[in-house]
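The structure file protein_4.cif is reproduced below (mmCIF, C-alpha atoms).
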```cif
data_protein
#
loop_
_atom_site.label_atom_id
_atom_site.label_comp_id
_atom_site.auth_asym_id
_atom_site.auth_seq_id
_atom_site.Cartn_x
_atom_site.Cartn_y
_atom_site.Cartn_z
CA MET O 17 -37.14 18.77 -22.28
CA SER O 18 -38.25 15.31 -21.17
CA ILE O 19 -35.52 13.02 -19.81
CA THR O 20 -36.34 9.38 -20.53
CA ALA O 21 -35.33 6.34 -18.54
CA ALA O 22 -33.32 5.21 -21.54
CA ASP O 23 -31.38 8.48 -21.47
CA VAL O 24 -30.65 8.08 -17.78
CA ASN O 25 -29.53 4.49 -18.26
CA LYS O 26 -27.27 5.48 -21.17
CA LEU O 27 -25.53 8.12 -19.05
CA ARG O 28 -25.23 5.66 -16.21
CA GLN O 29 -23.53 3.16 -18.53
CA MET O 30 -21.18 5.89 -19.71
CA THR O 31 -20.17 7.17 -16.29
CA GLY O 32 -21.09 4.59 -13.66
CA ALA O 33 -22.89 7.29 -11.66
CA GLY O 34 -26.13 6.60 -9.81
CA MET O 35 -29.53 6.80 -11.50
CA MET O 36 -30.68 9.91 -9.63
CA ASP O 37 -27.37 11.70 -10.20
CA CYS O 38 -27.60 10.91 -13.92
CA LYS O 39 -31.17 12.19 -14.12
CA LYS O 40 -30.25 15.43 -12.34
CA ALA O 41 -27.19 15.91 -14.54
CA LEU O 42 -29.20 15.39 -17.75
CA THR O 43 -31.87 17.77 -16.53
CA GLU O 44 -29.26 20.43 -15.72
CA ALA O 45 -27.60 19.85 -19.10
CA ASN O 46 -30.92 20.02 -21.00
CA GLY O 47 -30.44 16.48 -22.25
CA ASN O 48 -26.93 17.04 -23.66
CA PHE O 49 -24.84 13.99 -22.74
CA ASP O 50 -21.43 15.67 -22.99
CA ASP O 51 -22.58 18.51 -20.76
CA ALA O 52 -24.15 16.01 -18.35
CA VAL O 53 -20.81 14.21 -18.02
CA VAL O 54 -19.19 17.55 -17.14
CA VAL O 55 -21.89 18.14 -14.52
CA LEU O 56 -21.18 14.76 -12.96
CA ARG O 57 -17.44 15.37 -12.91
CA LYS O 58 -17.95 18.75 -11.25
CA LYS O 59 -20.04 16.96 -8.64
CA GLY O 60 -17.12 14.60 -8.10
CA GLN O 61 -14.78 17.56 -7.61
CA LYS O 62 -17.13 19.12 -5.04
CA VAL O 63 -17.54 15.86 -3.12
CA SER O 64 -13.79 15.24 -3.26
CA ALA O 65 -13.07 18.70 -1.84
CA ALA O 66 -15.63 18.16 0.91
CA ARG O 67 -14.09 14.80 1.86
CA ALA O 68 -10.46 15.93 1.65
CA ASP O 69 -9.95 15.93 5.42
CA ARG O 70 -11.55 12.54 5.97
CA GLU O 71 -9.40 9.53 6.83
CA THR O 72 -9.17 6.54 4.50
CA THR O 73 -9.09 3.80 7.14
CA GLU O 74 -10.40 1.04 4.86
CA GLY O 75 -9.46 -0.15 1.41
CA ALA O 76 -7.47 -2.86 -0.35
CA VAL O 77 -3.95 -3.72 -1.46
CA PHE O 78 -3.25 -4.85 -5.02
CA ILE O 79 -0.08 -6.75 -6.04
CA HIS O 80 1.42 -7.77 -9.39
CA THR O 81 4.45 -10.04 -9.82
CA ASN O 82 6.09 -10.64 -13.19
CA ASP O 83 6.38 -14.16 -14.62
CA ASN O 84 9.99 -14.82 -13.57
CA HIS O 85 9.56 -13.27 -10.11
CA THR O 86 12.17 -10.57 -10.58
CA ALA O 87 9.85 -7.58 -10.11
CA ALA O 88 6.69 -6.83 -8.19
CA THR O 89 4.46 -3.80 -7.73
CA VAL O 90 2.14 -3.12 -4.82
CA VAL O 91 -0.53 -0.41 -4.57
CA GLY O 92 -2.68 0.40 -1.56
CA LEU O 93 -5.99 2.11 -2.37
CA GLY O 94 -7.87 3.59 0.55
CA CYS O 95 -11.50 4.51 1.18
CA GLU O 96 -13.61 5.30 4.24
CA THR O 97 -15.68 2.14 4.70
CA ASP O 98 -15.18 -1.59 4.27
CA PHE O 99 -18.41 -1.77 2.26
CA VAL O 100 -17.00 0.47 -0.48
CA ALA O 101 -13.69 -1.45 -0.48
CA LYS O 102 -15.55 -4.56 -1.62
CA THR O 103 -17.54 -2.96 -4.44
CA ASP O 104 -16.77 -3.73 -8.08
CA ASP O 105 -16.14 -0.05 -8.85
CA PHE O 106 -13.48 0.23 -6.16
CA VAL O 107 -11.78 -3.09 -7.00
CA ASN O 108 -11.81 -2.30 -10.73
CA LEU O 109 -10.19 1.07 -10.08
CA GLY O 110 -7.54 -0.58 -7.91
CA ASN O 111 -6.73 -3.10 -10.63
CA THR O 112 -6.59 -0.32 -13.25
CA ILE O 113 -4.16 1.69 -11.12
CA LEU O 114 -2.00 -1.39 -10.55
CA ALA O 115 -1.88 -2.22 -14.27
CA LEU O 116 -0.82 1.34 -15.12
CA ALA O 117 1.83 1.26 -12.39
CA VAL O 118 3.24 -1.97 -13.82
CA ALA O 119 3.20 -0.69 -17.39
CA HIS O 120 4.69 2.77 -16.78
CA GLU O 121 6.82 2.29 -13.63
CA PRO O 122 6.17 5.72 -12.05
CA ALA O 123 8.75 6.82 -9.48
CA THR O 124 6.34 8.23 -6.89
CA SER O 125 2.68 8.18 -5.90
CA GLU O 126 2.34 11.64 -7.42
CA ASP O 127 3.65 10.33 -10.74
CA LEU O 128 1.24 7.42 -10.48
CA LEU O 129 -1.73 9.74 -9.98
CA ALA O 130 -0.79 11.64 -13.13
CA LEU O 131 -0.77 8.56 -15.39
CA ALA O 132 -3.47 8.46 -18.06
CA ALA O 133 -5.96 5.61 -18.24
CA ALA O 134 -7.32 4.18 -21.50
CA ASP O 135 -9.78 7.07 -21.89
CA GLY O 136 -6.99 9.64 -21.67
CA ARG O 137 -7.98 10.89 -18.23
CA SER O 138 -5.62 10.67 -15.27
CA ILE O 139 -5.87 8.26 -12.37
CA SER O 140 -6.45 11.28 -10.16
CA GLU O 141 -9.51 12.22 -12.22
CA HIS O 142 -10.88 8.68 -12.10
CA MET O 143 -10.47 8.66 -8.32
CA MET O 144 -12.32 11.97 -8.13
CA ASP O 145 -15.14 10.53 -10.23
CA LEU O 146 -15.45 7.54 -7.92
CA THR O 147 -15.53 9.89 -4.91
CA GLY O 148 -18.41 11.76 -6.51
CA LYS O 149 -20.24 8.52 -7.15
CA ILE O 150 -19.80 6.86 -3.74
CA GLY O 151 -19.52 9.96 -1.56
CA GLU O 152 -16.28 8.74 0.09
CA LYS O 153 -12.70 9.89 -0.12
CA VAL O 154 -10.51 7.61 -2.25
CA ASP O 155 -6.76 7.86 -1.92
CA ILE O 156 -3.54 6.00 -2.73
CA VAL O 157 -2.17 5.10 0.70
CA GLY O 158 0.87 3.13 -0.44
CA PHE O 159 2.85 2.43 -3.59
CA SER O 160 6.08 0.53 -4.19
CA LYS O 161 7.95 -1.20 -6.98
CA VAL O 162 10.68 -3.73 -6.10
CA ALA O 163 12.94 -5.43 -8.64
CA GLY O 164 15.99 -7.64 -8.26
CA GLU O 165 17.44 -11.12 -8.64
CA LYS O 166 14.31 -12.63 -7.09
CA VAL O 167 11.24 -11.17 -5.40
CA ALA O 168 8.56 -12.77 -3.24
CA THR O 169 5.17 -11.37 -2.30
CA TYR O 170 2.40 -11.90 0.22
CA ARG O 171 -1.14 -10.52 0.33
CA HIS O 172 -3.06 -11.05 3.54
CA PHE O 173 -6.39 -12.88 3.29
CA ASN O 174 -8.33 -9.70 4.15
CA GLY O 175 -6.67 -7.88 1.25
CA LYS O 176 -5.41 -5.07 3.50
CA ILE O 177 -1.70 -5.94 3.80
CA GLY O 178 0.74 -6.52 0.97
CA VAL O 179 4.47 -7.27 1.16
CA VAL O 180 7.24 -7.47 -1.45
CA VAL O 181 10.69 -8.85 -0.57
CA GLU O 182 13.82 -8.66 -2.73
CA LEU O 183 16.40 -11.45 -2.38
CA SER O 184 19.97 -11.66 -3.70
CA GLY O 185 22.54 -14.47 -3.73
CA VAL O 186 19.85 -16.85 -4.93
CA GLY O 187 21.71 -18.57 -7.76
CA SER O 188 20.06 -21.92 -8.48
CA THR O 189 18.48 -22.16 -5.01
CA ASP O 190 14.71 -22.61 -4.92
CA VAL O 191 13.58 -19.78 -2.65
CA ALA O 192 9.84 -19.85 -3.35
CA GLU O 193 8.96 -21.21 0.09
CA LEU O 194 11.51 -19.07 1.91
CA GLY O 195 10.36 -15.94 0.08
CA GLY O 196 6.78 -16.60 1.07
CA ASP O 197 7.81 -17.18 4.69
CA LEU O 198 9.81 -13.93 4.75
CA ALA O 199 6.94 -11.92 3.27
CA LEU O 200 4.52 -13.39 5.81
CA GLN O 201 7.00 -12.58 8.61
CA ILE O 202 7.16 -8.96 7.50
CA ALA O 203 3.38 -8.72 7.19
CA ALA O 204 2.84 -10.08 10.70
CA LEU O 205 5.72 -8.61 12.74
CA LYS O 206 6.35 -5.33 10.90
CA PRO O 207 10.14 -5.06 11.11
CA VAL O 208 11.48 -1.54 10.58
CA ALA O 209 14.52 -2.71 8.59
CA VAL O 210 16.40 -5.79 7.37
CA SER O 211 19.14 -5.48 10.02
CA GLU O 212 20.46 -2.96 12.53
CA ASP O 213 22.72 -1.55 9.81
CA ASP O 214 19.65 -0.46 7.85
CA VAL O 215 17.70 1.22 10.66
CA ASP O 216 17.15 4.92 10.05
CA ALA O 217 19.29 7.16 12.25
CA SER O 218 16.23 9.07 13.46
CA ILE O 219 14.69 5.84 14.77
CA ILE O 220 17.90 4.93 16.60
CA GLU O 221 18.09 8.40 18.13
CA LYS O 222 14.49 8.17 19.30
CA GLU O 223 14.97 4.71 20.82
CA VAL O 224 18.11 5.80 22.68
CA GLU O 225 16.27 8.79 24.13
CA ILE O 226 13.37 6.56 25.19
CA GLY O 227 15.84 4.14 26.79
CA LYS O 228 17.50 6.94 28.74
CA GLU O 229 14.20 8.36 29.93
CA LEU O 230 12.96 4.95 31.09
CA ALA O 231 16.18 4.36 32.99
CA ARG O 232 16.02 7.85 34.50
CA ASN O 233 12.43 7.22 35.66
CA GLU O 234 13.61 3.96 37.25
CA GLY O 235 16.09 5.94 39.35
CA LYS O 236 19.24 4.81 37.56
CA ALA O 237 22.38 6.90 37.96
CA GLU O 238 22.89 9.52 35.24
CA ALA O 239 26.31 8.07 34.43
CA MET O 240 24.69 4.71 33.59
CA LEU O 241 21.97 6.01 31.28
CA ASP O 242 23.93 5.70 28.02
CA LYS O 243 24.96 2.10 28.72
CA ILE O 244 21.43 1.11 29.73
CA ALA O 245 19.96 2.83 26.68
CA GLN O 246 22.37 0.98 24.39
CA GLY O 247 21.31 -2.31 25.96
CA ARG O 248 17.68 -1.48 25.30
CA LEU O 249 18.58 -0.46 21.75
CA GLN O 250 20.01 -3.94 21.13
CA LYS O 251 16.75 -5.42 22.37
CA PHE O 252 14.89 -3.12 19.98
CA PHE O 253 17.06 -4.40 17.10
CA LYS O 254 16.34 -8.00 18.10
CA GLU O 255 12.59 -7.46 18.09
CA ASN O 256 12.26 -5.04 15.20
CA THR O 257 14.80 -5.96 12.52
CA LEU O 258 14.00 -8.82 10.19
CA TYR O 259 17.24 -10.81 10.51
CA HIS O 260 17.10 -10.84 14.32
CA GLN O 261 13.41 -11.69 14.70
CA GLN O 262 12.42 -15.19 15.71
CA SER O 263 11.30 -16.93 12.53
CA LEU O 264 7.60 -17.70 12.32
CA ALA O 265 8.43 -20.58 9.97
CA ASP O 266 10.88 -22.18 12.44
CA GLU O 267 10.72 -20.78 15.95
CA SER O 268 14.01 -22.46 16.88
CA LYS O 269 15.85 -20.06 14.56
CA THR O 270 16.11 -16.37 13.84
CA VAL O 271 15.26 -15.30 10.31
CA ARG O 272 18.98 -14.97 9.51
CA GLN O 273 19.67 -18.46 10.87
CA LEU O 274 16.81 -19.86 8.80
CA MET O 275 18.24 -18.25 5.66
CA ASP O 276 21.75 -19.54 6.46
CA SER O 277 20.37 -23.07 6.79
CA ILE O 278 19.28 -22.83 3.15
CA SER O 279 22.22 -20.88 1.77
CA LYS O 280 24.67 -18.50 3.41
CA ASP O 281 24.77 -16.49 0.19
CA LEU O 282 21.14 -15.45 0.54
CA LYS O 283 20.43 -11.87 1.51
CA VAL O 284 17.33 -9.74 1.87
CA VAL O 285 18.16 -6.59 -0.06
CA ARG O 286 15.01 -4.69 0.89
CA PHE O 287 11.32 -5.08 1.49
CA SER O 288 8.18 -3.01 1.21
CA ARG O 289 5.08 -3.39 3.38
CA VAL O 290 1.89 -1.60 2.34
CA ALA O 291 -1.03 -1.75 4.73
CA ILE O 292 -4.43 -0.14 5.00
#
```
Kindly transcribe the structure held in the file into structure tokens.
Amino acid sequence: MSITAADVNKLRQMTGAGMMDCKKALTEANGNFDDAVVVLRKKGQKVSAARADRETTEGAVFIHTNDNHTAATVVGLGCETDFVAKTDDFVNLGNTILALAVAHEPATSEDLLALAAADGRSISEHMMDLTGKIGEKVDIVGFSKVAGEKVATYRHFNGKIGVVVELSGVGSTDVAELGGDLALQIAALKPVAVSEDDVDASIIEKEVEIGKELARNEGKAEAMLDKIAQGRLQKFFKENTLYHQQSLADESKTVRQLMDSISKDLKVVRFSRVAI
């Protein structure tokens, strides 16, 4: 049967697929629109399978904060090229995923992928459709929900880094500026934990081993290796835990000292940094 331009355009409006893909799908489906949609989705599955091993090194981070700044959600959506990351289709999908994450509060990225969009189809299926349309792998590269007494967020100007910080001991203190400074600090300097008490044991073990090996290579006595490694571990804590880092907002203070100057009750409970 003859496939008209109007038919192709109608299918394109329905699916967002390219003109040539729509024409081919309608031709294969003998003009049946429902069957043509199935053809396009199968194409998406094939492209997605073919791109499964590709790396998503580009993309964007999407953040939502509730009105009273007690909860925030951040989602990182990855793709293969910066060009795709700036397209309306990609940004719209990111915003859709974020809205569903806020509404349904999934526990994990896997739970997020299973959520149903307005048309009843899962986020995973919508991502597969976009992969079929653009020919690039699309993947969720980060997801976090933080809630507490007060949260602060930061999204880098390039849209590729997002941070959420949870604060406690706030009371009546205005922490809007401090929260923003802390989130920016985390975005820029990438601390591994709030303080040394929160550093994962595996990281500490690795840093101690590195410290010992460096000292050994410098010719230090074997009996001194543990002491030297512990000294280097303290330096690691100073440079890589939030409280001990030099504050970017006031370089004369550490982050903890800056917080104490506002209120000694203030604490950072946790933070999440999502980056492309």
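Between atom CA of Asp266 of chain O and atom CA of Ala168 of chain O the separation is 18.4 Å.
Among the candidates O:Gln261, O:Asn46, O:Ser277, O:Thr112, the one nearest to Ala209 of chain O when counting all atoms listed in the file is O:Gln261.
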Surrounding residues of Ile220 of chain O excluding itself and chain neighbours under 4 positions, 12 Å, all atoms listed in the file, as an NGL selection string: :O and (208-209 or 212-216 or 224-227 or 245-246 or 248-253 or 256)
Residues returned when the PyMOL selection byres ((chain O and resi 27) around 12) runs on this file, as number ranges by chain: O: 19-26, 28-43, 45, 47-56
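The space between atom CA of Met240 of chain O and atom CA of His260 of chain O spans 25.9 Å.
Nearest to Pro207 of chain O of all the residues O:Ala192, O:Leu258, O:Leu230, O:Val186 is O:Leu258, counting only C-alpha atoms.
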Given only C-alpha atoms as the counted atoms, nearest of O:Asp127, O:Glu121, O:Asp105, O:Asp155 to Ile292 of chain O: O:Asp155
Output of the PyMOL selection byres ((chain O and resi 164) around 10), listed as a ChimeraX atom specification: /O:85-88,162-163,165-167,181-184,285-286
Mind dumping the selected residues with C-alpha atoms as a PDB file, in the coordinates of the input?
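And here's part_35.pdb as it stands now:
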```
ATOM      1  CA  HIS O  85       9.560 -13.270 -10.110  1.00  0.00           C
ATOM      2  CA  THR O  86      12.170 -10.570 -10.580  1.00  0.00           C
ATOM      3  CA  ALA O  87       9.850  -7.580 -10.110  1.00  0.00           C
ATOM      4  CA  ALA O  88       6.690  -6.830  -8.190  1.00  0.00           C
ATOM      5  CA  VAL O 162      10.680  -3.730  -6.100  1.00  0.00           C
ATOM      6  CA  ALA O 163      12.940  -5.430  -8.640  1.00  0.00           C
ATOM      7  CA  GLU O 165      17.440 -11.120  -8.640  1.00  0.00           C
ATOM      8  CA  LYS O 166      14.310 -12.630  -7.090  1.00  0.00           C
ATOM      9  CA  VAL O 167      11.240 -11.170  -5.400  1.00  0.00           C
ATOM     10  CA  VAL O 181      10.690  -8.850  -0.570  1.00  0.00           C
ATOM     11  CA  GLU O 182      13.820  -8.660  -2.730  1.00  0.00           C
ATOM     12  CA  LEU O 183      16.400 -11.450  -2.380  1.00  0.00           C
ATOM     13  CA  SER O 184      19.970 -11.660  -3.700  1.00  0.00           C
ATOM     14  CA  VAL O 285      18.160  -6.590  -0.060  1.00  0.00           C
ATOM     15  CA  ARG O 286      15.010  -4.690   0.890  1.00  0.00           C
TER      16      ARG O 286
END
```
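The interatomic distance for the pair atom CA of Val118 of chain O and atom CA of Ser160 of chain O works out to 10.3 Å.
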12 Å contact set for Ala291 of chain O, only C-alpha atoms, chain neighbours under 6 positions out, as number ranges by chain: O: 72-79, 90-94, 156-160, 170-172, 174-180, 202-204, 206
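Closest approach to Ser125 of chain O among O:Thr81, O:Ser188, O:Gln273, O:Ser140: O:Ser140, based on all atoms listed in the file.
Residues matched by the PyMOL selection byres ((chain O and resi 265) around 12) in this structure: Glu193, Leu194, Gly195, Gly196, Asp197, Leu198, Ala199, Leu200, Gln201, Ile202, Ala204, Gln261, Gln262, Ser263, Leu264, Asp266, Glu267, Ser268, Lys269, Thr270, Val271, Arg272, Gln273, Leu274 and Met275 of chain O.
Residue nearest Ala115 of chain O within the list O:Ile150, O:Ile219, O:Ile139, O:Val100: O:Ile139 [criterion: smallest interatomic distance, all atoms listed in the file].
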Nearest to Glu152 of chain O by atom-to-atom distance, counting only C-alpha atoms, from O:Cys95, O:Leu129, O:Ala134, O:Ala117: O:Cys95
